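Here's the structure, in structure tokens; my notes come after.
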Amino acid sequence: MGHRVPRYSSLLWGVCIPSSCSSHDLEEEMSRKLSSLDISVRVHNTMCTVKDFHRPYSLGKTLSISFFLAIILLLSLGTILDDGKEGVTNFEKLLNAFSLKRNLRKVFDLSDAPSRVKGVDAFRGINAFALLLAHKSMAMAHNPYVNKTSFSAVFGMPWAVIGRSAIVYTDSFLYLSGFLNAHNLLQELESKGTIDMKKRLLARWFRLFPLFLSLMLFCTYILPDINNGPQWNLVVEEHSRVCEKNMWRSFLFIHNYFGFEEMCLTHTHQIGMDVQLYVATLPLMLFLWKFRALGWLLVVTIAVGSTVLRYLAIHWYDISMFVYYGISVQKLLDAARYSYILPTHRATIYLIGVVMAYIIRSKKLDFKLSDTQVRLLWASCFGLAAFTIASPYQMGLEGYQYEHFPAALFAAFSPVMWGLSMCIAHWAICNDYAGVGAAFVDSRAFKFFNKIAYGVYLTQFPIFFYNVGVQRHAEFYTPLLLMHAPEMLVVLVVSIVATVTIEMPFNQVYRIYFGKSQTKLKDK
């Protein structure tokens, strides 16, 4: 049904009928009435809502409530009993880990960490903001507008290519993930000569899973009972049903192999890919460290193979990584299933990040540039980035007819061009060639966002679609709705709460019971 993908060619119509009537009765009657207009009617039983319906308690709901009550208990004890001193026993350290006072101080402490790499915070913040707007536009496409034609016209304008090329912003996070993972592993290889894979995997699990699990449980068993609305069943209830059935796949981080239609928390496909690429990076970096020439050959081979897979997928399945004008819901879902959410097809940009980490740590390309050369470097960086985003703009114009070749070229080479532009910018920043942009790159806003970035990533979709589900009126569309201030403020506050109550405590739990206090880079 595409519960998170907007259906541009469908007209949604709510009908009030007696509870004794079934969805089949309504579909049959409406089909008969509208048959003369050549309109097809589909009524899904799962979209029917009964007033004052109370969902029965299930084992999953009971466990979810118990989980959140346990978290609240730990937060309460940790905050009340926090005397400002470091704990002696593990239990005292555990309670300190759940102290809201400590965690709030840490999240607002914007001093530089010794292991911080220049540019990472800025890259993450800029691309996260771009993705936030792209995801908001998806949610907006579900809403009713009194000027719906204006909404469609705006998204058919040439400048809308900035949003239609949103895949490059997700590529940025794969680049950063590859860079940070490789940077950390190179540090360990330089100091120890090997990689403690068990410790690395355990740290990754504690880094990603607790907050991920919390959101899955909340969206599956708690959120559906909080409110209701005309599209509540479509964007909240349906999502809850999918999660209840397929949540186990997310527990194993393999949910990205089953398509958006059967995925719990569809926006978390990136977590699945990231974990799989991280696991593959461990032996890859060890091999690269021991057999340098063969290792680089293997990296290049995998990157080229991934590029070929993207190109072939476009031709074989008639899909596109660019959201062209008039694309159907099925084509969007096929693009995700056969390429977008597969690590084999997205590995190129990740490996570009791995290569860049080696260049930065080894200082292989450290050389001096004149002011003129610096200006040319930044001009080439911005030009390449702009070309990557804007080159397929014609595919976003009204009347476009799908063609394999341009779609395949964009899918195959946009990660390479975007990755190259990020490498140029990253190298320039790390070598103090940011110039007048240095203050922007080192902005305290980016440092703060870096601490709550994972929370923002996970919570934005549930918040956006909660508002879609409860909306009971048609509003006047304007592009300013992309930056709806109250909604963005809610995303910010909820992300901070999620960070200090779930993410930070469980990171500390890992340090208490499985390792020493870490000084490594933040992986995600």
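Ligands are numbered from 1 in the order shown, chains are lettered A, B, ... in the order of the structure tokens, and residues start at 1 in each chain.
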Near stretch 12-21 of chain A, within 9 Å and counting only C-alpha atoms, which residues show up once chain neighbours fewer than 4 positions away are dropped, as a VMD selection string?
-> chain A and resid 25 to 26 50 230
Contact residues around A:Ala438 with only C-alpha atoms at 12 Å, ignoring same-chain residues under 3 positions, as a PyMOL selection string | chain A and resi 118-119+122+425+428-435+441-444
Output file for the residues above (C-alpha atoms, as a compact mmCIF listing (two decimals), in the first residue's frame):
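Produced file part-v6.txt, reproduced below:
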```
# COMPACT_ATOMS: atom_id res chain seq x y z
CA LYS A 118 37.60 18.66 11.12
CA GLY A 119 34.66 18.91 8.76
CA ALA A 122 29.56 20.34 9.25
CA ALA A 425 36.06 19.78 0.57
CA ALA A 428 40.71 21.39 2.14
CA ILE A 429 39.09 21.69 5.59
CA CYS A 430 41.51 19.24 7.23
CA ASN A 431 44.47 21.15 5.78
CA ASP A 432 43.16 24.55 6.95
CA TYR A 433 42.09 25.80 3.53
CA ALA A 434 38.52 26.62 4.58
CA GLY A 435 39.35 30.34 4.53
CA VAL A 441 32.57 24.75 9.49
CA ASP A 442 33.53 24.95 13.17
CA SER A 443 30.16 26.37 14.20
CA ARG A 444 28.92 25.43 17.65
```
Please provide as number ranges by chain all residues within 12 Å of stretch 378-384 of chain A, with the sequence filter that same-chain residues fewer than 6 positions apart are discarded (counting only C-alpha atoms).
-> A: 369, 371-372, 390-391, 413-429, 433-437
Let me see the file: selected residues, N, CA, C and O atoms, as a compact mmCIF listing (two decimals), in the first residue's frame.
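Full text of part27.txt as output:
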```txt
# COMPACT_ATOMS: atom_id res chain seq x y z
N LEU A 369 49.17 25.15 -0.99
CA LEU A 369 48.49 25.77 -2.12
C LEU A 369 48.53 27.28 -1.98
O LEU A 369 48.48 27.82 -0.86
N ASP A 371 46.81 31.10 -2.70
CA ASP A 371 45.43 31.59 -2.55
C ASP A 371 44.62 31.34 -3.81
O ASP A 371 43.44 30.97 -3.75
N THR A 372 45.24 31.54 -4.97
CA THR A 372 44.54 31.32 -6.24
C THR A 372 44.19 29.84 -6.40
O THR A 372 43.08 29.50 -6.83
N ALA A 390 22.19 18.95 -10.07
CA ALA A 390 21.34 19.61 -11.07
C ALA A 390 21.35 18.95 -12.43
O ALA A 390 20.44 19.22 -13.25
N SER A 391 22.30 18.09 -12.72
CA SER A 391 22.41 17.51 -14.07
C SER A 391 21.16 16.80 -14.55
O SER A 391 20.81 16.89 -15.74
N PHE A 413 26.96 7.08 -11.61
CA PHE A 413 28.08 8.00 -11.43
C PHE A 413 27.82 9.14 -10.45
O PHE A 413 28.77 9.84 -10.06
N SER A 414 26.58 9.36 -10.03
CA SER A 414 26.35 10.43 -9.05
C SER A 414 27.07 10.18 -7.73
O SER A 414 27.62 11.12 -7.14
N PRO A 415 27.12 8.92 -7.21
CA PRO A 415 27.89 8.71 -5.97
C PRO A 415 29.38 9.01 -6.15
O PRO A 415 30.03 9.49 -5.21
N VAL A 416 29.92 8.72 -7.32
CA VAL A 416 31.34 8.96 -7.57
C VAL A 416 31.62 10.47 -7.60
O VAL A 416 32.55 10.96 -6.96
N MET A 417 30.79 11.21 -8.34
CA MET A 417 31.00 12.66 -8.45
C MET A 417 30.75 13.35 -7.11
O MET A 417 31.49 14.24 -6.70
N TRP A 418 29.69 12.94 -6.42
CA TRP A 418 29.39 13.54 -5.12
C TRP A 418 30.48 13.19 -4.10
O TRP A 418 30.90 14.05 -3.32
N GLY A 419 30.95 11.95 -4.14
CA GLY A 419 32.03 11.54 -3.24
C GLY A 419 33.31 12.32 -3.51
O GLY A 419 34.03 12.71 -2.58
N LEU A 420 33.61 12.57 -4.78
CA LEU A 420 34.80 13.33 -5.13
C LEU A 420 34.70 14.76 -4.62
O LEU A 420 35.67 15.32 -4.08
N SER A 421 33.51 15.37 -4.75
CA SER A 421 33.33 16.74 -4.25
C SER A 421 33.48 16.79 -2.73
O SER A 421 34.07 17.73 -2.19
N MET A 422 32.98 15.75 -2.03
CA MET A 422 33.14 15.70 -0.57
C MET A 422 34.61 15.51 -0.19
O MET A 422 35.09 16.09 0.79
N CYS A 423 35.33 14.70 -0.95
CA CYS A 423 36.74 14.48 -0.67
C CYS A 423 37.54 15.78 -0.82
O CYS A 423 38.41 16.09 0.01
N ILE A 424 37.25 16.54 -1.87
CA ILE A 424 37.95 17.81 -2.09
C ILE A 424 37.69 18.76 -0.91
O ILE A 424 38.62 19.36 -0.36
N ALA A 425 36.40 18.88 -0.55
CA ALA A 425 36.06 19.78 0.57
C ALA A 425 36.68 19.29 1.87
O ALA A 425 37.21 20.10 2.66
N HIS A 426 36.64 17.99 2.10
CA HIS A 426 37.17 17.43 3.35
C HIS A 426 38.67 17.64 3.44
O HIS A 426 39.21 18.01 4.51
N TRP A 427 39.38 17.40 2.34
CA TRP A 427 40.82 17.60 2.34
C TRP A 427 41.17 19.06 2.61
O TRP A 427 42.08 19.35 3.40
N ALA A 428 40.44 19.96 1.97
CA ALA A 428 40.71 21.39 2.14
C ALA A 428 40.47 21.82 3.59
O ALA A 428 41.27 22.56 4.18
N ILE A 429 39.40 21.33 4.20
CA ILE A 429 39.09 21.69 5.59
C ILE A 429 40.14 21.14 6.54
O ILE A 429 40.63 21.83 7.45
N TYR A 433 42.35 24.97 4.71
CA TYR A 433 42.09 25.80 3.53
C TYR A 433 40.62 26.20 3.44
O TYR A 433 40.11 26.48 2.35
N ALA A 434 39.93 26.22 4.58
CA ALA A 434 38.52 26.62 4.58
C ALA A 434 38.36 28.12 4.42
O ALA A 434 37.28 28.60 4.04
N GLY A 435 39.39 28.89 4.72
CA GLY A 435 39.35 30.34 4.53
C GLY A 435 38.26 31.01 5.35
O GLY A 435 38.12 30.74 6.55
N VAL A 436 37.46 31.83 4.68
CA VAL A 436 36.39 32.56 5.38
C VAL A 436 35.31 31.61 5.88
O VAL A 436 34.49 31.99 6.73
N GLY A 437 35.29 30.38 5.35
CA GLY A 437 34.28 29.42 5.79
C GLY A 437 34.67 28.64 7.03
O GLY A 437 33.89 27.80 7.51
```
Test item: residues at most 9 Å from A:Glu475, only C-alpha atoms, excluding those fewer than 5 positions along its chain, as a PDB file with N, CA and C atoms, in the first residue's frame:
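Listed below is the output, out01.pdb:
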```pdb
ATOM      1  N   ASN A 143      -0.742  15.288   2.604  1.00  0.00           N
ATOM      2  CA  ASN A 143      -1.714  16.227   3.160  1.00  0.00           C
ATOM      3  C   ASN A 143      -2.641  16.795   2.095  1.00  0.00           C
ATOM      4  N   PRO A 144      -3.878  17.118   2.476  1.00  0.00           N
ATOM      5  CA  PRO A 144      -4.798  17.770   1.535  1.00  0.00           C
ATOM      6  C   PRO A 144      -4.538  19.272   1.494  1.00  0.00           C
ATOM      7  N   TYR A 145      -4.586  19.848   0.287  1.00  0.00           N
ATOM      8  CA  TYR A 145      -4.392  21.287   0.114  1.00  0.00           C
ATOM      9  C   TYR A 145      -5.522  21.855  -0.732  1.00  0.00           C
ATOM     10  N   VAL A 146      -5.914  23.067  -0.418  1.00  0.00           N
ATOM     11  CA  VAL A 146      -6.959  23.720  -1.214  1.00  0.00           C
ATOM     12  C   VAL A 146      -6.410  24.146  -2.565  1.00  0.00           C
ATOM     13  N   ASN A 147      -5.092  24.277  -2.673  1.00  0.00           N
ATOM     14  CA  ASN A 147      -4.435  24.618  -3.942  1.00  0.00           C
ATOM     15  C   ASN A 147      -3.479  23.498  -4.354  1.00  0.00           C
TER      16      ASN A 147
END
```
Between A:Ile162, A:Ala70, A:Cys264, A:Val355, which one has atoms that come closest to A:Tyr393, using only C-alpha atoms?
->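 Of A:Ile162, A:Ala70, A:Cys264, A:Val355, the one nearest A:Tyr393 is A:Ile162, counting only C-alpha atoms.
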Could you please determine the separation between atom CA of A:Gly272 and atom CA of A:Phe253 in Å, to one decimal place?
->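 Taking atom CA of A:Gly272 and atom CA of A:Phe253, their separation equals 4.7 Å.
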Return the single residue from A:Trp289, A:Leu208, A:Thr79, A:Gln373 that is closest to A:Leu104, with distances computed using only C-alpha atoms.
->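 Nearest to A:Leu104: A:Thr79.
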Please, what distance in Å, to one decimal, runs between atom CA of A:Gly163 and atom CA of A:Thr307?
-> 22.7 Å
